[in-house]
Amino acid sequence: MTSPVGNHVRRLRFEHGEMSQDALARRVGITRQTIVAIEGGRYAPSLELAMRIAQVFGRGVDDVFFWLEPPRDV
Amino acid sequence: MRIVLVLLLSLAFGAGLIVSAEGLPVRPGLFGAGLMVLAALATRRRWLLLADAAPGSPERALWIGFAGTAVVAAHLFAVMLRIGPNLVMHTPEIHALGIDNWTLVAGAVLAHWIARDPEPRQDERDAAIAVAGLRAAHYGLLAILALQILALGYVRGGWVGALSHPSIAHALILAVMASVLIDHGWRLHRYARDAAVEASE
């Protein structure tokens with residue numbers, strides 16, 4: 001099951017001192033497995049979680065998350 | 001595969017406590033609870049060694065709950081088979097078997113406490129997986145209850161026709177335990193699927 005939302009989380013982690021998945025997970029209060037699922041495109045986070053992840057990298061949500069294929073009916 | 005293996009082993013262990021009761025040095029409930037605690041200690045040690053590769057907090061609780069529930073349910077089912085359809089409450093034999101079953105429940109609770117994540121963390125993805133598991137358990141329970149209702153309503157005579165009220169009540173308890181197994185099994189399958197994808201990346 002692939003999420004329609006892509007992200008740059010893996011790249012941003014490495015750009016921020018090669019932050020580990022567990023370190024990021026702890027910063028935003030989730031499990032390492034969820035970070036793995038998000039990076040692998042198997043889970044699309046809620047808006048709140050997306051904002052918290054973006055905040056860790058000092059970016060906006062749009063800089064971290066993006067549509068892989070925008071929905072046609074919007 | 002691992003989920004099915006743990007389920008089968010736990011069911012066999014729970015039922016085996018009734019079959020091998022007379023050869024045990026202590027009450028089967030106490031023996032079973034002791035082994036559950038030992039298994040929990042071994043599991044906790046293994047998860048400690050796995051460090052980052054160990055399952056997350058909810059998955060750990062699910063594994064222990066899954067195995068513990070299977071042991072208790074299989075023991076209860078084996079008790080019901082042994083007693084037969086005419087189960088009568090408050091006899092010395094039923095009391096002894098009941099105490100065994102509750103001792104197993106206590107063992108499962110203790111095992112859960114031993115193997116729990118010392119720093120529990122769960123998040124929205126775990127909640128989403130839990131919702132999927134509960135939905136599967138809900139429909140599973142409905143299916144089991146429908147079968148029980150049809151059996152009670154349409155099967156005359158034989159084992160089903162001779163079921164006493166306490167037997168029917170215990171069959172309902174088993175149905176609830178089966179739904180817990182469906183919930184835990186479903187959620188563990190979701191976690192296992194994610195872990196398999198992670199390992200292949």
# chains A, B, ... in the order shown; residues from 1 in each chain; ligands from 1
$ residues_around --residues "region 15-25 of chain A" --least-positions-apart "4" --cutoff "8 Å" --atoms "only C-alpha atoms" --output "mmCIF file with N, CA and C atoms, in the first residue's frame"
data_model
loop_
_atom_site.group_PDB
_atom_site.id
_atom_site.type_symbol
_atom_site.label_atom_id
_atom_site.label_comp_id
_atom_site.auth_asym_id
_atom_site.auth_seq_id
_atom_site.Cartn_x
_atom_site.Cartn_y
_atom_site.Cartn_z
ATOM 1 N N ARG A 11 16.330 12.617 3.013
ATOM 2 C CA ARG A 11 17.374 13.572 2.597
ATOM 3 C C ARG A 11 17.592 14.644 3.666
ATOM 4 N N GLY A 29 7.956 12.675 18.779
ATOM 5 C CA GLY A 29 7.095 11.888 19.653
ATOM 6 C C GLY A 29 6.374 10.731 18.978
ATOM 7 N N ILE A 30 7.062 10.079 18.030
ATOM 8 C CA ILE A 30 6.465 8.897 17.393
ATOM 9 C C ILE A 30 7.476 7.745 17.431
ATOM 10 N N THR A 31 7.123 6.605 16.839
ATOM 11 C CA THR A 31 8.043 5.456 16.855
ATOM 12 C C THR A 31 8.959 5.488 15.630
ATOM 13 N N ARG A 32 10.112 4.827 15.774
ATOM 14 C CA ARG A 32 11.049 4.741 14.656
ATOM 15 C C ARG A 32 10.394 4.057 13.459
ATOM 16 N N THR A 34 7.419 4.234 12.458
ATOM 17 C CA THR A 34 6.566 5.151 11.691
ATOM 18 C C THR A 34 7.406 6.038 10.779
ATOM 19 N N ILE A 35 8.576 6.452 11.274
ATOM 20 C CA ILE A 35 9.492 7.220 10.407
ATOM 21 C C ILE A 35 9.892 6.357 9.201
ATOM 22 N N VAL A 36 10.180 5.087 9.465
ATOM 23 C CA VAL A 36 10.549 4.156 8.382
ATOM 24 C C VAL A 36 9.401 4.064 7.372
ATOM 25 N N ILE A 53 7.217 17.350 11.934
ATOM 26 C CA ILE A 53 8.433 16.885 11.250
ATOM 27 C C ILE A 53 9.088 18.045 10.506
ATOM 28 N N VAL A 56 11.034 20.358 12.794
ATOM 29 C CA VAL A 56 12.353 19.868 13.224
ATOM 30 C C VAL A 56 13.420 20.298 12.229
ATOM 31 N N PHE A 57 13.073 20.306 10.933
ATOM 32 C CA PHE A 57 14.042 20.678 9.897
ATOM 33 C C PHE A 57 14.008 22.179 9.585
#
$ residues_around --residues "Ala53 (chain B)" --least-positions-apart "2" --cutoff "12 Å" --atoms "only C-alpha atoms" --output "MDAnalysis selection string"
(chainID A and resid 21:22 32:33 36) or (chainID B and resid 46:51 55:56 195 198:199)
$ write_last_selection --atoms "C-alpha atoms" --output "tab-separated table (two decimals), in the first residue's frame"
chain	number	residue	atom	x	y	z
A	21	GLN	CA	15.47	7.73	12.36
A	22	ASP	CA	15.15	7.10	16.09
A	32	ARG	CA	11.05	4.74	14.66
A	33	GLN	CA	8.89	2.31	12.69
A	36	VAL	CA	10.55	4.16	8.38
B	46	ARG	CA	15.94	-11.17	22.87
B	47	TRP	CA	14.30	-7.78	22.24
B	48	LEU	CA	16.97	-6.12	24.38
B	49	LEU	CA	19.69	-7.69	22.20
B	50	LEU	CA	17.91	-6.64	19.00
B	51	ALA	CA	18.05	-2.97	20.16
B	55	PRO	CA	9.57	-4.37	17.60
B	56	GLY	CA	7.93	-1.16	18.82
B	195	ALA	CA	8.89	-4.84	8.56
B	198	GLU	CA	11.70	-2.27	5.41
B	199	ALA	CA	14.05	-5.27	5.33
$ residues_around --residues "Ala74 (chain B)" --least-positions-apart "6" --cutoff "6 Å" --atoms "only C-alpha atoms" --output "PyMOL selection string"
chain B and resi 11+14-15
$ residues_around --residues "Ala37 (chain A)" --least-positions-apart "5" --cutoff "10 Å" --atoms "only C-alpha atoms" --output "VMD selection string"
(chain A and resid 2 to 3 32 42 to 45) or (chain B and resid 125 194 to 195 197 to 198)
$ write_last_selection --atoms "C-alpha atoms" --output "tab-separated table (two decimals), in the first residue's frame"
chain	number	residue	atom	x	y	z
A	2	THR	CA	1.76	3.15	-1.23
A	3	SER	CA	0.86	6.62	-0.03
A	32	ARG	CA	11.05	4.74	14.66
A	42	ARG	CA	3.84	3.51	3.00
A	43	TYR	CA	2.27	5.95	5.44
A	44	ALA	CA	1.04	9.51	4.99
A	45	PRO	CA	1.25	11.38	8.30
B	125	ARG	CA	0.15	4.95	12.73
B	194	ASP	CA	5.81	-3.20	7.03
B	195	ALA	CA	8.89	-4.84	8.56
B	197	VAL	CA	9.19	-4.09	3.17
B	198	GLU	CA	11.70	-2.27	5.41
$ closest_residue --among "A:Asp62, A:Ser46, A:Phe14, A:Val9" --to "chain B" --atoms "only C-alpha atoms"
A:Ser46
$ closest_residue --among "A:Met51, A:Gly40, A:Gly60, A:Asp73" --to "chain B" --atoms "only C-alpha atoms"
A:Gly40
